[in-house]
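Asker: Handing you a structure now.
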Amino acid sequence: MIVAGPLTLMAANAGKPAGTIHHRLYGLMTEEINHSYDGGLYGELIQNRAFMDDTQTPRHWSVVQSEGAEATITLDRDHPRSENLPESLRLDVGSASADHPAGVANDGYWGIPVRSRTRYTAKFYARANAGYPGSVTLAIQSEDGRTIYAKAQVTPPLTSQWRSYTAAFTTGNVVPTAKARFVLTVDRPGTVWLGYVSLFPPTWKNRPNGLRPDLMQALVDLKPGFLRFPGGNYLEGNTISERFDWKKTLGPPEDRPGHPSPWGYRSTDGMGLLEFLDWCEDMGAEPLLAVYAGYSLNGEHVTCGPDLAPYVQDALDEIEYVTGDKNTKWGAVRIRDGHPKPFPLHYVEIGNEDNFDKSGSYDGRYAQFYDAIKAKYPQLKVISSAGSDHVPSRKPDVVDEHNYSPAASFEGVLSSHYEGYERKGSPEIFVGEWAAFEDIAPWDQQSHALPPTPSMKAALGDAAWMTEMERNADLVVMQCYAPLMVNVNPGGRQWRPDMIGYDALTTFGSPSYYAFQMFSCNHGDEVLKAALTDAALHSSVTRDSRTGAITVKLVNPQPTPQPVKIEIPGVTSLAPNMTAITLAADPADTNAIDTPKKVVPVTTKVPNFQPGGIYTLPAYSITVLEMKQ
């Protein structure tokens with residue numbers, strides 16, 4: 001308990017843990033918002049690669065015509081490459097030559113990123129009028145076309161039938177820039193149709209159709225125990241037809257139709273079900289699968305019974321794709337898609353935020369999904385998405401609670417939120433979305449004037465909330481901050497605050513990112529109850545049952561340093577050097593593209609610290625103390 005001068009943190013006896021912490025406690029939540037996938041984690045550099053972002057105009061595409069050349073472009077539905085991709089881009093070239101080519105340019109997602117000595121791989125589908133003699137050149141060039149960073153000649157020549165073409169080209173020693181475009185040009189008059197155009201830089205682990213390496217590294221560095229996907233509102237869609245229809249996200253990317261995202265732009269579905277699962281595997285995280293449950297954001301819902309049955313079967317098929325072996329229909333499809341080994345799966349969530357369903361249909365829908373899943377996969381834990389206030393007729397294994405609150409609330413009224421929850425016979429808690437904001441709520445229009453990522457003020461609230469969840473890890477078995485990512489370019493953001501920011505070239509973690517990392521990467525597997533009488537500070541204490549190491553987390557949101565005496569009964573001595581990880585800054589400080597490391601943790605060694613010793617917390621700070629016995 002805390003007593004005056006200095007304050008005292010009194011932990012329970014180290015030999016008597018009050019609960020366990022599962023490796024899944026700290027995880028990640030993702031959905032297509034803020035250009036998290038297209039224009040973010042997904043490696044594709046071409047925006048509107050299938051020409052379906054707008055039915056009236058080929059957005060992000062423009063005509064390129066050097067002096068003496070002449071060309072026009074239009075969308076064309078009379079020459080589709082496939083049923084899934086009904087639009088093509090028609091390029092009519094009136095005049096062009098080898099010295100004066102004409103063609104099309106794509107401006108990417110706020111520019112095409114150019115880095116030194118980097119290999120880019122392009123793939124496109126094209127056809128031309130019969131007997132067309134021209135050749136095709138691909139290039140990455142400056143926005144004004146005066147600087148060529150890399151280019152390649154495409155062979156064989158175009159024909160009157162659709163066919164695919166690939167090319168690879170490498171930049172030289174250049175100054176990195178995003179003020180670049182991708183250009184496809186021809187050297188003869190005629191008509192050329194493009195059905196799909198793709199450009200990838202190197203990806204994480206060199207996976208085809210893969211992910212952006214610097215963003216993946218930032219995620220891997222959080223050591224997440226799980227990934228909740230595909231979201232979020234993105235799972236539901238604005239309408240039933242615009243839901244995340246997982247079967248349409250399988251197979252070659254060039255055959256995926258994509259669909260409108262509920263956040264105001266079209267998703268390519270390049271991030272399909274298998275890509276999500278590969279993403280989990282590459283992070284060493286388990287998948288936490290959310291299945292569509294028959295409710296969409298505009299209020300549409302599917303009536304329980306026969307109408308809902310196809311959606312229930314779709315969820316069973318999806319689980320089979322994730323976990324099935326070669327003797328199952330959908331397990332065999334996954335193997336065909338390139339992943340022979342089943343993925344581990346322990347939790348399935350039924351829908352998303354179904355507490356917003358005012359029709360009252362969730363109980364029936366949930367029961368129909370629950371019964372079917374438990375009948376076929378009794379080992380799976382089923383999560384209700386309607387929160388703790390809704391008690392369905394089928395008792396959930398886990399309930400999903402979402403909490404977006406001011407930092408002051410996490411430091412105040414919510415600092416003991418879970419202390420009074422009933423443990424015996426109650427479902428486990430999954431805090432599937434949470435974040436502290438400074439003062440203005442994310443849904444308030446005034447928030448658009450704020451930076452896309454949070455300040456230290458929010459990070460202090462985040463840390464206070466994480467101590468509460470960690471102290472109650474016997475009940476709170478999983479939790480994840482949301483949203484995870486944001487493209488910080490104008491027009492890239494729909495929600496704030498967001499944990500990780502980026503543009504085409506640069507990635508940075510917010511103060512909240514580093515707070516989360518300090519917690520997710522530093523904890524034992526046992527909770528030690530600890531008491532502080534001064535509610536102005538926040539703490540949690542854990543122990544590693546294998547090594548005996550003690551981890552103490554302390555949050556000081558106050559403007560003055562706070563000395564704390566740390567008592568741990570049952571521990572008589574510690575190894576000579578205690579490790580202290582500290583994140584401290586003015587509450588208004590934050591990180592940004594130009595100042596990505598303004599607020600970062602500092603690690604130091606504290607010599608000769610022993611139980612009963614005094615450690616002084618800096619003002620406005622988050623501190624992790626690692627004590628080895």
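Residue numbering restarts at 1 in every chain; chains get A, B, ... in the order shown in the structure tokens, and ligands count up from 1 in that same order.
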Any idea what's packed within 7 Å of stretch 489-501 of chain A, counting only C-alpha atoms, ignoring anything in its chain fewer than 4 positions away? Could you give it as a VMD selection string?
Answerer: chain A and resid 33 to 35 263 437 442 452 to 454 482 to 485 507 to 510 512 to 513
Asker: Please produce a file of those selected residues containing C-alpha atoms, as a tab-separated table (two decimals), in the first residue's frame.
Answerer:
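This went into result.tsv:
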chain	number	residue	atom	x	y	z
A	33	ILE	CA	-9.47	1.83	-42.02
A	34	ASN	CA	-7.10	4.79	-42.49
A	35	HIS	CA	-5.65	2.96	-45.55
A	263	TRP	CA	-14.57	3.77	-44.46
A	437	PHE	CA	-7.79	9.93	-26.40
A	442	PRO	CA	-12.68	10.18	-32.08
A	452	PRO	CA	-3.50	11.32	-36.52
A	453	THR	CA	-1.45	9.67	-33.79
A	454	PRO	CA	-1.80	10.29	-30.04
A	482	ALA	CA	-7.42	0.06	-32.06
A	483	PRO	CA	-7.03	1.36	-34.66
A	484	LEU	CA	-3.61	-0.05	-35.28
A	485	MET	CA	-2.39	1.97	-38.29
A	507	THR	CA	6.93	4.53	-40.48
A	508	PHE	CA	6.81	5.76	-36.89
A	509	GLY	CA	5.36	4.62	-33.60
A	510	SER	CA	3.32	6.98	-31.46
A	512	SER	CA	1.01	4.90	-27.33
A	513	TYR	CA	2.89	2.42	-29.52
Asker: Using backbone DSSP assignments, extract all strand (DSSP E) residues from stretch 143-196 of chain A; output them as a list in words.
Answerer: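 The residues of stretch 143-196 of chain A classed as strand (DSSP E) are Ile148, Tyr149, Ala150, Lys151, Ala152, Gln153, Val154, Arg163, Ser164, Tyr165, Thr166, Ala167, Ala168, Phe169, Thr170, Ala180, Arg181, Phe182, Val183, Leu184, Thr185, Val186, Gly190, Thr191, Val192, Trp193, Leu194, Gly195 and Tyr196 of chain A.
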Asker: In Å, rounded to a single decimal, give me how far atom CA of A:His523 is from atom CA of A:Thr590.
Answerer: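 Distance reported for this atom pair: 25.4 Å.
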Asker: What residues in stretch 408-440 of chain A get the DSSP label alpha helix (DSSP H)? Please answer as a PyMOL selection string.
Answerer: chain A and resi 408-411
Asker: Determine, counting only C-alpha atoms, which protein, DNA and RNA residues have an atom within 6 Å of an atom of A:Leu194; residues of the same chain fewer than 3 positions away are not included. Present the result as a list in words.
Answerer: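 Near neighbours after the sequence-gap exclusion: Ser88, Leu89, Tyr125 and Ala126 of chain A.
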Asker: Do a neighbour search on A:Asp278 at 10 Å with only C-alpha atoms, toss out local chain neighbours closer than 5 positions, and write the hits as a list in words.
Answerer: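 With the cut-off at 10 Å, the set is Arg207, Gly210, Leu211, Gly272, Leu273, Met283, Gly284, Ala285, Pro287, His339 and Phe343 of chain A.
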Asker: May I ask which of the residues A:Ala464, A:Ala367, A:Pro230, A:Met469 is the closest one to A:Pro406, counting only C-alpha atoms?
Answerer: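 Among A:Ala464, A:Ala367, A:Pro230, A:Met469, it is A:Ala464 that comes nearest to A:Pro406.
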Asker: Excluding A:Ala515 and any residue of its chain fewer than 4 positions from it, enumerate the residues within 7 Å of it, using only C-alpha atoms, and give them as a list of chain:residue names.
Answerer: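 Residues near the query, excluding close chain neighbours: A:Ala459, A:Ala463, A:Pro511, A:Phe519.
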Asker: Considering only C-alpha atoms, return as a ChimeraX atom specification whatever protein or nucleic-acid residues lie within 9 Å of A:Glu242, sequence-local ones (same chain, fewer than 5 positions apart) excluded.
Answerer: /A:234-237,259-262,296
Asker: For C-alpha atoms, I'd like the residues from the last selection saved as a PDB file, in the first residue's frame.
Answerer:
ATOM      1  CA  TYR A 234     -14.746  -3.958 -42.206  1.00  0.00           C
ATOM      2  CA  LEU A 235     -16.120  -7.400 -41.338  1.00  0.00           C
ATOM      3  CA  GLU A 236     -19.727  -6.175 -41.469  1.00  0.00           C
ATOM      4  CA  GLY A 237     -19.616  -3.756 -44.393  1.00  0.00           C
ATOM      5  CA  HIS A 259     -15.354  -4.553 -52.447  1.00  0.00           C
ATOM      6  CA  PRO A 260     -16.243  -1.161 -50.940  1.00  0.00           C
ATOM      7  CA  SER A 261     -14.819  -0.525 -47.499  1.00  0.00           C
ATOM      8  CA  PRO A 262     -17.189   1.047 -44.957  1.00  0.00           C
ATOM      9  CA  SER A 296     -24.274  -4.884 -41.403  1.00  0.00           C
TER      10      SER A 296
END
Asker: Tell me, counting only C-alpha atoms, for each residue of stretch 573-592 of chain A within 8 Å of stretch 613-624 of chain A, which pair of atoms is nearest and how far apart they are in Å to one decimal, in rows ordered by chain and increasing number, as a tab-separated table.
Answerer:
residue	atom	partner	partner_atom	distance
A:Ala580	CA	A:Val624	CA	5.7
A:Ile581	CA	A:Val624	CA	5.0
A:Thr582	CA	A:Thr623	CA	4.5
A:Leu583	CA	A:Ile622	CA	5.1
A:Ala584	CA	A:Ser621	CA	4.2
A:Ala585	CA	A:Tyr620	CA	6.2
A:Asp586	CA	A:Tyr620	CA	6.6
A:Pro587	CA	A:Tyr620	CA	6.9
Asker: What's the 10 Å shell around A:Leu75, counting only C-alpha atoms, without same-chain residues fewer than 6 positions away, as a PyMOL selection string?
Answerer: chain A and resi 51-52+54-59+87-91+193-194
Asker: Find, counting only C-alpha atoms, the residue in A:Asp99, A:Asp400, A:Asp187, A:Asp439 that gets nearest to A:Ile383.
Answerer: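 Nearest candidate to A:Ile383 out of A:Asp99, A:Asp400, A:Asp187, A:Asp439: A:Asp400.
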Asker: Pick from A:Pro596, A:Gly111, A:Pro569, A:Gly27: nearest to A:Pro224, with only C-alpha atoms counted?
Answerer: A:Gly27
Asker: Tell me which of A:Glu428, A:Glu254, A:Asp144, A:Asp397 sits closest to A:Asn84, counting only C-alpha atoms.
Answerer: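 Going through A:Glu428, A:Glu254, A:Asp144, A:Asp397 one by one, the smallest distance to A:Asn84 is for A:Glu254.
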Asker: How many Å lie between atom CA of A:Ala441 and atom CA of A:Ser405, rounded to one decimal?
Answerer: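 For atom CA of A:Ala441 relative to atom CA of A:Ser405, the distance reads 7.6 Å.
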Asker: Which is closest to A:Leu574 among A:Ala178, A:Val154, A:Ile550, A:Val104, if we use only C-alpha atoms?
Answerer: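 Of A:Ala178, A:Val154, A:Ile550, A:Val104, the one nearest A:Leu574 is A:Ile550, counting only C-alpha atoms.
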Asker: In Å, how far is it from atom CA of A:Glu143 to atom CA of A:Asp503?
Answerer: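 Interatomic distance here is 17.0 Å.
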Asker: Considering only C-alpha atoms, can you say which of A:Glu70, A:Tyr265, A:Gly412, A:Ala407 comes closest to A:Ile440?
Answerer: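 Checking each candidate against A:Ile440, we get A:Ala407 as the closest.
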